[in-house]
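Read through the structure below, which is laid out as structure tokens, and then see the notes.
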Number of protein chains: 2
Amino acid sequence: MKALITDLIEKAQKIGEVDLVLKNGEIVDVFSLETFKGDVAIHNGYIVGIGQFETGKKVIDVSNQYIVPGFIDGHIHIESTMVRPSEFSRAIIKHGITTVVTDPHEIANVSGLEGIKFMISDAKNSVVDILMKLPSSVPATKFENNGATLTSNDLRELLECDEVIGLAEVMDYPSVINMEQDMMEKIEMVKNRKLVIDGHAAGLSDDILDIYSIASIRNDHEAVNAKEALTRVRKGFNVLVREGSAAKDLLAILPAISSKNSTRFSFCTDDKHLDEMVEEGTINHAIKLAVKNGLDPLIAIQMATINNANCHEIDNKGAVAPGYIADLVIVDNLVDLSVHKVIKNGKTVYIENQQSLEQIEISKSILHSVKTPKITEKMLQIPLVEGQKANIIEILPGKLITRKRVDFVETKEGLFLSNPEKDYLKMAVCERHKSTGNVGLGIVHGLKLKSGAIASTVAHDSHNIVAAGTNDQDMILAIEELQKTQGGLVIVNAGEILARVELPIAGLMSDQPYEVTVNKLLNMHEKLKTIVDHNSHNTFMILSFLCLPVIPELKLTDKGLFDVTAFSHIDVGV
Amino acid sequence: MKALITDLIEKAQKIGEVDLVLKNGEIVDVFSLETFKGDVAIHNGYIVGIGQFETGKKVIDVSNQYIVPGFIDGHIHIESTMVRPSEFSRAIIKHGITTVVTDPHEIANVSGLEGIKFMISDAKNSVVDILMKLPSSVPATKFENNGATLTSNDLRELLECDEVIGLAEVMDYPSVINMEQDMMEKIEMVKNRKLVIDGHAAGLSDDILDIYSIASIRNDHEAVNAKEALTRVRKGFNVLVREGSAAKDLLAILPAISSKNSTRFSFCTDDKHLDEMVEEGTINHAIKLAVKNGLDPLIAIQMATINNANCHEIDNKGAVAPGYIADLVIVDNLVDLSVHKVIKNGKTVYIENQQSLEQIEISKSILHSVKTPKITEKMLQIPLVEGQKANIIEILPGKLITRKRVDFVETKEGLFLSNPEKDYLKMAVCERHKSTGNVGLGIVHGLKLKSGAIASTVAHDSHNIVAAGTNDQDMILAIEELQKTQGGLVIVNAGEILARVELPIAGLMSDQPYEVTVNKLLNMHEKLKTIVDHNSHNTFMILSFLCLPVIPELKLTDKGLFDVTAFSHIDVGV
């Protein structure tokens with residue numbers, strides 16, 4: 001460290017040649033929200049000077065181009081991209097994202113500590129910096145079965161890792177309100193290390209937000225509109241504006257952001273499909289969308305860079321300034337952000353030049369995580385008296401929250417019958433970690449399957465098998481296929497498997513290069529059109545979030561239908 | 001800690017009565033730069049809720065009044081007020097200042113570690129929170145004699161104190177540029193503790209600012225105009241806008257501040273006279289001055305509160321928000337800021353109710369710090385050939401920086417002669433720590449003494465005896481008086497002592513209640529008028545800064561005249 005600083009200070013004094021000079025660029029200043037012309041001198045991965053620099057081991061002319069700090073994603077679950085961290089990084093680097101803060105919450109719910117360690121280890125082969133926050137709520141609630149429980153004692157050893165920078169999305173709010181010992185210990189232990197604690201304050205009341213603030217929870221990415229965002233800012237939270245695949249909050253929050261409060265806002269992705277990510281990127285896409293809808297481009301870039309660094313207390317990142325890590329993006333203009341070059345740790349990284357996929361060994365237990373016994377038709381029966389109303393999970397377009405709808409549904413011989421015309425479909429969650437044979441059953445509205453069935457081992461947060469369909473036979477075939485492949489996504493129609501994406505790493509991620517995975521996903525979205533009567537390719541992500549019992553209003557776990565507002569299980573029949 | 005949080009979370013849930021409710025106030029939100037109506041519930045020193053609260057052990061109606069976070073002073077040398085920390089706090093609390101960040105740099109230059117420990121110990125009796133930054137540059141340079149040298153090893157033990165929050169104003173910039181081992185170790189050791197390092201980048205070039213930034217120096221209070229301020233912001237520094245007695249930078253910096261960059265600016269005092277402080281306050285005065293000159297009052301309050309907390313990474317202070325420490329000021333309006341009530345740690349603190357001065361024991365060595373041998377007329381002679389030009393220290397009104405003026409001066413028998421009409425006066429710095437008998441001599445323009453002499457043991461940063469006068473006899477009498485009183489300020493005219501302020505604590509601070517000291521200071525300013533032809537009562541503070549060899553352009557130390565730009569001693573004769 002001392003040798004490094006000595007080297008940098010010498011180079012700042014122009015003693016010896018620097019590694020790289022970016023000549024004559026228009027530099028984006030995220031502190032003052034201005035741009036100015038200048039050269040950037042880079043050495044040993046750091047920016048050592050800004051001004052006029054003539055010589056360097058390498059000089060790149062960037063006249064008529066902007067030099068922007070590398071973008072930071074404030075919160076993403078890499079597992080949701082279905083490729084492992086090193087592959088994920090290859091897909092995003094070309095969009096200018098140079099650092100992500102990730103929460104390995106999904107794999108932790110399947111494979112526990114071993115899963116987190118796999119993520120940390122695989123991230124070492126990443127071309128972007130992957131910083132970890134420790135999953136705070138594994139399991140998310142006690143109302144379902146998952147693959148692991150992580151206590152404060154389990155997490156403690158991970159605090160020693162350099163990559164670990166805090167505690168991730170505290171979502172089990174009853175444990176905070178009730179000051180449960182283990183949650184308090186997690187908060188205390190992270191706070192004592194001077195690391196930052198993130199919240200997950202979806203739909204929480206003002207009173208509970210106050211409690212979160214008292215518990216030193218400083219960030220939140222669950223505001224879904226301007227009012228919620230401003231309430232959080234007022235209470236001292238940093239608001240991470242989420243723009244992912246299923247949850248798109250940016251446009252609703254945008255009216256809240258002004259130059260007066262912009263430093264309290266950052267961007268994050270949370271969850272995004274691989275194909276969308278490959279095509280449009282993540283944080284770069286959020287910037288463009290915000291600018292297109294009227295936000296000052298410099299504020300948008302500030303949110304994507306220094307604000308994210310500040311809210312996570314990441315030193316030396318997020319600005320084009322001396323002493324900062326040379327993570328830089330060269331773009332033509334600040335509106336369409338078309339990326340010319342990405343510089344990471346002072347080195348130009350072209351996506352073509354990236355290493356091919358390293359073959360690393362993955363432990364057998366992570367590759368064999370689907371332990372569901374055979375599912376029979378009897379296990380999928382929902383008894384309902386004719387004329388009895390049912391509690392139905394209603395999907396709201398573009399939201400993770402659902403509504404509890406109460407309506408009459410079709411029955412046959414005292415059992416619920418899916419009705420594709422009314423879009424009332426059967427849904428099942430089959431426990432897959434401990435072979436309990438648990439199956440939770442419910443009715444869903446809004447998936448819009450015309451025929452067949454779909455199933456997935458990605459099912460937040462416990463990641464049991466979730467399936468939905470127009471008939472029980474296709475649902476069973478889909479579930480069986482996931483048992484065979486040890487996880488993934490599958491589409492079935494009339495006894496035939498139309499498409500599958502294999503995700504053998506904890507049933508969440510592919511072990512293949514991302515290009516292979518993205519092609520399988522695209523093929524699957526194509527095939528999905530033959531059984532779904534609308535054009536969204538979010539169907540699988542929506543399905544997976546129907547299992548998450550910490551986001552209102554009605555969800556399904558392997559233990560049954562769950563009313564999030566009441567925080568208890570309820571019956572399907574009213 | 002755990003019991004406290006449990007208590008606070010319970011109260012946030014309205015389980016049990018809170019200590020205090022401020023009812024129906026207009027709350028200042030420093031995150032969004034807005035105000036809104038609400039109640040503030042306070043318990044155990046913390047804010048536990050904002051909204052509607054009906055009952056508390058005590059309820060104070062604050063209708064038609066504003067609830068503002070307690071003001072924070074980002075950088076002040078308490079010694080410069082000439083009263084000890086506990087007394088200092090009694091004087092500022094009524095102005096709404098509830099936290100100060102102090103650098104015990106002055107007493108450290110006289111009494112070393114013992115001096116710092118005295119400050120920490122006396123601060124425990126303070127009604128405001130006094131947070132310490134460790135003096136980084138004792139001595140400030142090698143070009144003078146002072147009372148102590150503090151290495152990184154000396155400072156290390158102080159990092160264990162809860163009150164210590166970082167490293168103070170790194171001013172010895174050659175030691176940074178040259179990466180001297182001890183300076184690097186100080187920076188490294190503070191950085192490893194995740195504490196913040198402050199700079200003192202007076203007049204430094206862009207290149208050296210870059211080096212400061214590489215060395216993780218994050219704050220600076222030496223910008224003296226808008227251009228310097230914006231340069232620092234661009235390079236990632238937080239700018240502490242200084243408004244003290246001698247250095248008043250606020251109006252010159254103000255044009256740089258806008259809602260786009262305001263979070264990068266804070267307020268500080270640096271050095272302020274006790275009488276001015278008692279009368280107009282410190283940070284409250286800066287807010288008022290900024291607002292009077294066009295700054296949005298909410299931005300000014302933001303700078304005085306949360307921005308200061310953020311730039312020093314002080315958690316839980318600087319905002320009216322749940323989980324924050326209940327340091328609050330109740331004011332009638334945001335323009336004249338007349339203070340109704342000050343709440344500190346949830347308790348209403350009236351200045352009248354303060355404890356009287358605690359008699360604490362002060363060690364003999366701190367009370368006997370003036371060790372100068374007898375000064376003779378011969379020791380004050382400046383040889384100059386008739387017709388030879390002289391290097392003259394020119395004082396610039398309202399600035400700490402001086403200009404090097406070259407001019408012809410009056411001589412008699414080959415010796416310089418003071419000329420009050422042209423305002424060319426003799427100045428002397430007599431070493432007082434080690435009885436070396438060193439006397440540095442120079443000529444000063446701008447003090448405007450008509451007759452007599454003045455002398456002081458407050459002489460930045462080594463705090464030797466500094467004297468200036470129209471004749472040698474009065475200068476010697478003034479110096480002898482300081483030897484008798486063991487430090488302070490003195491005015492002499494025609495062989496008579498007109499006024500004195502005794503400062504026996506390290507020759508810097510009074511051992512009396514602040515009311516006694518302020519009266520002596522007022523008397524001295526009155527008497528000063530009889531020998532000075534202008535109305536400034538900053539004469540002594542200006543004199544004391546003429547010795548500070550880290551602020552350009554020309555200064556005087558006990559080793560002689562010092563050219564700060566060349567960073568070397570020069571002769572008086574050109």
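We name chains A, B, ... following the order of the structure tokens; residues begin at 1 in each chain, and ligands are numbered from 1 as shown.
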Next item on the list: Check the DSSP output for the backbone and give back, as a PyMOL selection string, the residues of segment 191-230 of chain A in strand (DSSP E).
Entry: chain A and resi 196-199+217-220
Keeping only all heavy atoms, take the residues you just selected and write them out as a compact mmCIF listing (two decimals), in the first residue's frame.
```txt
# COMPACT_ATOMS: atom_id res chain seq x y z
N VAL A 196 -22.02 -0.58 6.01
CA VAL A 196 -23.36 -0.03 5.80
C VAL A 196 -24.42 -1.13 5.72
O VAL A 196 -24.19 -2.18 5.12
CB VAL A 196 -23.39 0.84 4.52
CG1 VAL A 196 -24.79 1.40 4.28
CG2 VAL A 196 -22.37 1.98 4.62
N ILE A 197 -25.57 -0.85 6.32
CA ILE A 197 -26.68 -1.80 6.34
C ILE A 197 -27.77 -1.33 5.38
O ILE A 197 -28.21 -0.19 5.45
CB ILE A 197 -27.24 -1.92 7.78
CG1 ILE A 197 -26.12 -2.38 8.73
CG2 ILE A 197 -28.43 -2.87 7.83
CD1 ILE A 197 -26.44 -2.16 10.19
N ASP A 198 -28.19 -2.22 4.48
CA ASP A 198 -29.25 -1.90 3.52
C ASP A 198 -30.58 -2.44 4.02
O ASP A 198 -30.63 -3.50 4.66
CB ASP A 198 -28.96 -2.54 2.16
CG ASP A 198 -27.71 -1.98 1.50
OD1 ASP A 198 -27.16 -1.00 2.03
OD2 ASP A 198 -27.32 -2.52 0.45
N GLY A 199 -31.64 -1.74 3.65
CA GLY A 199 -32.97 -2.21 4.00
C GLY A 199 -33.70 -2.76 2.79
O GLY A 199 -33.19 -2.78 1.67
N ILE A 217 -30.32 1.30 9.58
CA ILE A 217 -30.49 0.87 8.19
C ILE A 217 -30.53 2.13 7.33
O ILE A 217 -31.31 3.04 7.59
CB ILE A 217 -31.77 0.01 8.04
CG1 ILE A 217 -31.61 -1.28 8.85
CG2 ILE A 217 -32.08 -0.25 6.57
CD1 ILE A 217 -32.86 -2.08 9.02
N ARG A 218 -29.62 2.22 6.37
CA ARG A 218 -29.39 3.51 5.71
C ARG A 218 -29.85 3.57 4.26
O ARG A 218 -30.05 4.65 3.72
CB ARG A 218 -27.89 3.86 5.78
CG ARG A 218 -27.39 4.27 7.16
CD ARG A 218 -27.83 5.68 7.52
NE ARG A 218 -27.61 6.00 8.92
CZ ARG A 218 -28.54 5.89 9.86
NH1 ARG A 218 -29.75 5.49 9.55
NH2 ARG A 218 -28.28 6.21 11.12
N ASN A 219 -29.93 2.42 3.57
CA ASN A 219 -30.30 2.41 2.15
C ASN A 219 -31.58 1.62 1.96
O ASN A 219 -31.85 0.67 2.70
CB ASN A 219 -29.19 1.75 1.32
CG ASN A 219 -27.86 2.48 1.44
OD1 ASN A 219 -27.83 3.71 1.57
ND2 ASN A 219 -26.77 1.73 1.38
N ASP A 220 -32.34 1.99 0.92
CA ASP A 220 -33.52 1.19 0.57
C ASP A 220 -33.77 1.27 -0.93
O ASP A 220 -33.62 2.32 -1.53
CB ASP A 220 -34.75 1.68 1.33
CG ASP A 220 -35.98 0.83 1.02
OD1 ASP A 220 -35.88 -0.39 1.16
OD2 ASP A 220 -37.02 1.39 0.62
```
Next item on the list: Quick one: everything within 7 Å of Asp461 of chain B, counting only C-alpha atoms, minus sequence neighbours fewer than 5 positions away in the same chain. Send it as a ChimeraX atom specification.
Entry: /B:106,109,140,548
Next item on the list: Return the neighbours of chain B among the residues of chain A, cut-off 7 Å, counting only C-alpha atoms, as a PyMOL selection string.
Entry: chain A and resi 6+9+12-13+29+31-33+48-49+177+179+207+210-211+213-214+233-236+259-261+321-323
Margin query: Could you list, as a list in words, every residue within 7 Å of Thr102 of chain B, counting only C-alpha atoms and ignoring same-chain residues fewer than 2 positions away?
Written below: His75, Ile76, His77, Ile78, Val100, Pro104, Ile130, Leu131, Met132 and Lys133 of chain B
Atoms to include: all heavy atoms. Write the selected residues as a PDB file, in the first residue's frame.
```pdb
ATOM      1  N   HIS B  75     -14.488  22.897  11.945  1.00  0.00           N
ATOM      2  CA  HIS B  75     -13.057  23.053  12.249  1.00  0.00           C
ATOM      3  C   HIS B  75     -12.855  24.316  13.069  1.00  0.00           C
ATOM      4  O   HIS B  75     -13.070  25.424  12.586  1.00  0.00           O
ATOM      5  CB  HIS B  75     -12.249  23.128  10.951  1.00  0.00           C
ATOM      6  CG  HIS B  75     -10.788  23.379  11.156  1.00  0.00           C
ATOM      7  ND1 HIS B  75      -9.943  22.439  11.720  1.00  0.00           N
ATOM      8  CD2 HIS B  75     -10.016  24.462  10.901  1.00  0.00           C
ATOM      9  CE1 HIS B  75      -8.721  22.935  11.787  1.00  0.00           C
ATOM     10  NE2 HIS B  75      -8.733  24.170  11.298  1.00  0.00           N
ATOM     11  N   ILE B  76     -12.445  24.139  14.304  1.00  0.00           N
ATOM     12  CA  ILE B  76     -12.150  25.315  15.131  1.00  0.00           C
ATOM     13  C   ILE B  76     -11.004  24.977  16.081  1.00  0.00           C
ATOM     14  O   ILE B  76     -10.904  23.860  16.589  1.00  0.00           O
ATOM     15  CB  ILE B  76     -13.397  25.793  15.924  1.00  0.00           C
ATOM     16  CG1 ILE B  76     -13.103  27.107  16.649  1.00  0.00           C
ATOM     17  CG2 ILE B  76     -13.900  24.727  16.890  1.00  0.00           C
ATOM     18  CD1 ILE B  76     -14.323  27.825  17.174  1.00  0.00           C
ATOM     19  N   HIS B  77     -10.131  25.951  16.274  1.00  0.00           N
ATOM     20  CA  HIS B  77      -9.105  25.830  17.302  1.00  0.00           C
ATOM     21  C   HIS B  77      -9.642  26.521  18.546  1.00  0.00           C
ATOM     22  O   HIS B  77      -9.684  27.751  18.611  1.00  0.00           O
ATOM     23  CB  HIS B  77      -7.806  26.477  16.837  1.00  0.00           C
ATOM     24  CG  HIS B  77      -7.261  25.860  15.589  1.00  0.00           C
ATOM     25  ND1 HIS B  77      -6.681  24.613  15.574  1.00  0.00           N
ATOM     26  CD2 HIS B  77      -7.236  26.293  14.306  1.00  0.00           C
ATOM     27  CE1 HIS B  77      -6.312  24.318  14.334  1.00  0.00           C
ATOM     28  NE2 HIS B  77      -6.635  25.311  13.556  1.00  0.00           N
ATOM     29  N   ILE B  78     -10.064  25.728  19.510  1.00  0.00           N
ATOM     30  CA  ILE B  78     -10.678  26.317  20.708  1.00  0.00           C
ATOM     31  C   ILE B  78      -9.692  27.226  21.428  1.00  0.00           C
ATOM     32  O   ILE B  78     -10.082  28.265  21.984  1.00  0.00           O
ATOM     33  CB  ILE B  78     -11.201  25.198  21.639  1.00  0.00           C
ATOM     34  CG1 ILE B  78     -12.360  24.469  20.947  1.00  0.00           C
ATOM     35  CG2 ILE B  78     -11.653  25.758  22.982  1.00  0.00           C
ATOM     36  CD1 ILE B  78     -12.875  23.260  21.704  1.00  0.00           C
ATOM     37  N   VAL B 100     -18.754  20.590  17.921  1.00  0.00           N
ATOM     38  CA  VAL B 100     -17.632  21.190  17.207  1.00  0.00           C
ATOM     39  C   VAL B 100     -16.572  20.124  16.971  1.00  0.00           C
ATOM     40  O   VAL B 100     -16.392  19.200  17.764  1.00  0.00           O
ATOM     41  CB  VAL B 100     -16.994  22.391  17.959  1.00  0.00           C
ATOM     42  CG1 VAL B 100     -18.034  23.451  18.293  1.00  0.00           C
ATOM     43  CG2 VAL B 100     -16.264  21.956  19.208  1.00  0.00           C
ATOM     44  N   PRO B 104      -6.649  20.418  18.429  1.00  0.00           N
ATOM     45  CA  PRO B 104      -5.863  21.025  19.524  1.00  0.00           C
ATOM     46  C   PRO B 104      -4.423  21.293  19.102  1.00  0.00           C
ATOM     47  O   PRO B 104      -3.480  20.985  19.834  1.00  0.00           O
ATOM     48  CB  PRO B 104      -5.983  19.980  20.633  1.00  0.00           C
ATOM     49  CG  PRO B 104      -6.136  18.685  19.908  1.00  0.00           C
ATOM     50  CD  PRO B 104      -6.875  18.976  18.632  1.00  0.00           C
ATOM     51  N   ILE B 130     -17.564  17.940  21.862  1.00  0.00           N
ATOM     52  CA  ILE B 130     -16.295  18.405  21.308  1.00  0.00           C
ATOM     53  C   ILE B 130     -15.541  17.194  20.779  1.00  0.00           C
ATOM     54  O   ILE B 130     -15.057  16.364  21.543  1.00  0.00           O
ATOM     55  CB  ILE B 130     -15.485  19.170  22.367  1.00  0.00           C
ATOM     56  CG1 ILE B 130     -16.279  20.426  22.790  1.00  0.00           C
ATOM     57  CG2 ILE B 130     -14.106  19.548  21.828  1.00  0.00           C
ATOM     58  CD1 ILE B 130     -15.603  21.292  23.826  1.00  0.00           C
ATOM     59  N   LEU B 131     -15.502  17.078  19.443  1.00  0.00           N
ATOM     60  CA  LEU B 131     -14.820  15.959  18.805  1.00  0.00           C
ATOM     61  C   LEU B 131     -13.440  16.422  18.360  1.00  0.00           C
ATOM     62  O   LEU B 131     -13.268  17.542  17.906  1.00  0.00           O
ATOM     63  CB  LEU B 131     -15.635  15.473  17.601  1.00  0.00           C
ATOM     64  CG  LEU B 131     -17.081  15.086  17.954  1.00  0.00           C
ATOM     65  CD1 LEU B 131     -17.895  14.790  16.703  1.00  0.00           C
ATOM     66  CD2 LEU B 131     -17.096  13.881  18.895  1.00  0.00           C
ATOM     67  N   MET B 132     -12.456  15.552  18.524  1.00  0.00           N
ATOM     68  CA  MET B 132     -11.073  15.952  18.294  1.00  0.00           C
ATOM     69  C   MET B 132     -10.546  15.353  16.999  1.00  0.00           C
ATOM     70  O   MET B 132     -10.792  14.189  16.692  1.00  0.00           O
ATOM     71  CB  MET B 132     -10.166  15.431  19.419  1.00  0.00           C
ATOM     72  CG  MET B 132     -10.549  15.859  20.800  1.00  0.00           C
ATOM     73  SD  MET B 132      -9.802  17.445  21.240  1.00  0.00           S
ATOM     74  CE  MET B 132     -10.785  17.830  22.712  1.00  0.00           C
ATOM     75  N   LYS B 133      -9.773  16.143  16.287  1.00  0.00           N
ATOM     76  CA  LYS B 133      -8.927  15.594  15.238  1.00  0.00           C
ATOM     77  C   LYS B 133      -7.488  15.759  15.697  1.00  0.00           C
ATOM     78  O   LYS B 133      -7.133  16.793  16.285  1.00  0.00           O
ATOM     79  CB  LYS B 133      -9.187  16.321  13.921  1.00  0.00           C
ATOM     80  CG  LYS B 133     -10.593  16.028  13.391  1.00  0.00           C
ATOM     81  CD  LYS B 133     -10.638  15.956  11.886  1.00  0.00           C
ATOM     82  CE  LYS B 133     -11.716  14.993  11.440  1.00  0.00           C
ATOM     83  NZ  LYS B 133     -11.815  14.915   9.969  1.00  0.00           N
TER      84      LYS B 133
END
```
Residues at most 9 Å from Asp327 of chain A, counting only C-alpha atoms, excluding those fewer than 3 positions away in the same chain, as a compact mmCIF listing (two decimals) with all heavy atoms, in the first residue's frame?
```txt
# COMPACT_ATOMS: atom_id res chain seq x y z
N GLY A 45 -3.41 1.80 -12.07
CA GLY A 45 -4.83 1.60 -11.80
C GLY A 45 -5.54 2.79 -11.22
O GLY A 45 -6.77 2.76 -11.06
N TYR A 46 -4.80 3.85 -10.90
CA TYR A 46 -5.41 5.03 -10.27
C TYR A 46 -5.28 6.27 -11.16
O TYR A 46 -4.34 6.37 -11.96
CB TYR A 46 -4.74 5.33 -8.93
CG TYR A 46 -5.12 4.38 -7.84
CD1 TYR A 46 -4.51 3.12 -7.75
CD2 TYR A 46 -6.09 4.71 -6.90
CE1 TYR A 46 -4.87 2.22 -6.76
CE2 TYR A 46 -6.45 3.82 -5.90
CZ TYR A 46 -5.84 2.58 -5.83
OH TYR A 46 -6.20 1.71 -4.85
N ILE A 47 -6.18 7.21 -10.97
CA ILE A 47 -6.04 8.52 -11.59
C ILE A 47 -5.04 9.31 -10.75
O ILE A 47 -5.21 9.45 -9.54
CB ILE A 47 -7.40 9.25 -11.63
CG1 ILE A 47 -8.39 8.44 -12.49
CG2 ILE A 47 -7.24 10.67 -12.17
CD1 ILE A 47 -9.83 8.93 -12.39
N VAL A 68 -16.39 9.56 -18.43
CA VAL A 68 -17.40 9.41 -17.40
C VAL A 68 -16.90 8.38 -16.39
O VAL A 68 -16.23 7.42 -16.79
CB VAL A 68 -18.73 8.93 -18.06
CG1 VAL A 68 -19.83 8.74 -17.05
CG2 VAL A 68 -19.17 9.89 -19.17
N PRO A 69 -17.19 8.55 -15.09
CA PRO A 69 -16.80 7.50 -14.14
C PRO A 69 -17.52 6.19 -14.48
O PRO A 69 -18.66 6.23 -14.94
CB PRO A 69 -17.29 8.02 -12.78
CG PRO A 69 -17.61 9.47 -12.97
CD PRO A 69 -17.92 9.65 -14.43
N GLY A 70 -16.89 5.06 -14.25
CA GLY A 70 -17.54 3.77 -14.46
C GLY A 70 -18.82 3.69 -13.63
O GLY A 70 -18.87 4.16 -12.51
N PHE A 71 -19.85 3.07 -14.21
CA PHE A 71 -21.14 3.01 -13.52
C PHE A 71 -21.12 1.94 -12.42
O PHE A 71 -20.43 0.93 -12.54
CB PHE A 71 -22.26 2.71 -14.52
CG PHE A 71 -22.28 3.66 -15.69
CD1 PHE A 71 -22.39 3.19 -16.99
CD2 PHE A 71 -22.16 5.04 -15.48
CE1 PHE A 71 -22.38 4.07 -18.07
CE2 PHE A 71 -22.16 5.92 -16.56
CZ PHE A 71 -22.27 5.44 -17.85
N THR A 98 -18.78 -0.95 -14.07
CA THR A 98 -17.45 -1.41 -13.64
C THR A 98 -17.46 -1.93 -12.20
O THR A 98 -16.49 -2.55 -11.77
CB THR A 98 -16.42 -0.28 -13.77
OG1 THR A 98 -16.92 0.87 -13.09
CG2 THR A 98 -16.18 0.07 -15.23
N THR A 99 -18.53 -1.66 -11.47
CA THR A 99 -18.64 -2.16 -10.10
C THR A 99 -20.10 -2.52 -9.83
O THR A 99 -21.00 -1.77 -10.22
CB THR A 99 -18.21 -1.10 -9.07
OG1 THR A 99 -16.83 -0.78 -9.28
CG2 THR A 99 -18.38 -1.59 -7.63
N LYS A 317 -14.05 5.47 -5.48
CA LYS A 317 -14.73 5.07 -6.70
C LYS A 317 -15.84 6.05 -7.03
O LYS A 317 -16.39 6.70 -6.14
CB LYS A 317 -15.36 3.68 -6.55
CG LYS A 317 -14.37 2.58 -6.68
CD LYS A 317 -15.03 1.26 -6.98
CE LYS A 317 -13.99 0.19 -7.13
NZ LYS A 317 -14.57 -1.07 -7.56
N GLY A 318 -16.17 6.12 -8.32
CA GLY A 318 -17.35 6.88 -8.72
C GLY A 318 -17.09 8.30 -9.17
O GLY A 318 -18.02 9.07 -9.33
N ALA A 319 -15.82 8.67 -9.37
CA ALA A 319 -15.53 10.03 -9.85
C ALA A 319 -14.28 10.03 -10.70
O ALA A 319 -13.42 9.17 -10.56
CB ALA A 319 -15.37 10.98 -8.66
N VAL A 320 -14.20 11.01 -11.60
CA VAL A 320 -12.97 11.23 -12.36
C VAL A 320 -12.19 12.27 -11.57
O VAL A 320 -12.33 13.47 -11.78
CB VAL A 320 -13.27 11.72 -13.79
CG1 VAL A 320 -11.98 11.73 -14.61
CG2 VAL A 320 -14.32 10.86 -14.47
N TYR A 324 -8.67 8.55 -7.25
CA TYR A 324 -9.76 7.60 -7.48
C TYR A 324 -9.26 6.47 -8.40
O TYR A 324 -8.37 6.66 -9.22
CB TYR A 324 -10.97 8.31 -8.12
CG TYR A 324 -11.82 9.01 -7.08
CD1 TYR A 324 -11.32 10.12 -6.41
CD2 TYR A 324 -13.10 8.56 -6.75
CE1 TYR A 324 -12.08 10.76 -5.42
CE2 TYR A 324 -13.86 9.19 -5.77
CZ TYR A 324 -13.35 10.28 -5.12
OH TYR A 324 -14.10 10.90 -4.15
N VAL A 342 -14.16 1.03 -22.35
CA VAL A 342 -14.29 0.94 -20.91
C VAL A 342 -12.91 0.68 -20.34
O VAL A 342 -12.19 -0.22 -20.81
CB VAL A 342 -15.27 -0.17 -20.49
CG1 VAL A 342 -15.38 -0.24 -18.97
CG2 VAL A 342 -16.64 0.06 -21.10
N ILE A 343 -12.54 1.52 -19.38
CA ILE A 343 -11.24 1.36 -18.73
C ILE A 343 -11.49 0.89 -17.31
O ILE A 343 -12.28 1.48 -16.58
CB ILE A 343 -10.48 2.71 -18.77
CG1 ILE A 343 -10.09 3.00 -20.22
CG2 ILE A 343 -9.26 2.67 -17.86
CD1 ILE A 343 -9.69 4.40 -20.46
N LYS A 344 -10.87 -0.22 -16.96
CA LYS A 344 -11.06 -0.80 -15.63
C LYS A 344 -9.70 -0.89 -14.96
O LYS A 344 -8.76 -1.45 -15.52
CB LYS A 344 -11.70 -2.19 -15.75
CG LYS A 344 -11.97 -2.87 -14.43
CD LYS A 344 -13.23 -2.33 -13.76
CE LYS A 344 -13.31 -2.71 -12.29
NZ LYS A 344 -12.41 -1.98 -11.42
N ASN A 345 -9.57 -0.30 -13.77
CA ASN A 345 -8.28 -0.26 -13.07
C ASN A 345 -7.16 0.23 -14.00
O ASN A 345 -6.05 -0.31 -14.00
CB ASN A 345 -7.91 -1.64 -12.52
CG ASN A 345 -8.84 -2.06 -11.41
OD1 ASN A 345 -9.35 -1.22 -10.66
ND2 ASN A 345 -9.10 -3.34 -11.30
N GLY A 346 -7.49 1.23 -14.83
CA GLY A 346 -6.49 1.85 -15.67
C GLY A 346 -6.17 1.11 -16.95
O GLY A 346 -5.32 1.53 -17.72
N LYS A 347 -6.83 -0.02 -17.18
CA LYS A 347 -6.56 -0.80 -18.39
C LYS A 347 -7.78 -0.79 -19.30
O LYS A 347 -8.90 -0.98 -18.84
CB LYS A 347 -6.21 -2.25 -18.02
CG LYS A 347 -4.89 -2.37 -17.30
CD LYS A 347 -4.31 -3.77 -17.38
CE LYS A 347 -2.87 -3.77 -16.93
NZ LYS A 347 -2.69 -3.27 -15.55
```
Any idea what's packed within 6 Å of Asn438 of chain A, counting only C-alpha atoms, ignoring anything in its chain fewer than 6 positions away? Could you give it as a JSON list (two decimals) with C-alpha atoms, in the first residue's frame?
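Result saved to out.json:
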```json
[["chain", "number", "residue", "atom", "x", "y", "z"],
["A", 430, "CYS", "CA", -42.92, -27.85, -4.28],
["A", 431, "GLU", "CA", -40.27, -27.93, -1.57],
["A", 558, "ASP", "CA", -44.44, -24.47, -0.05]]
```
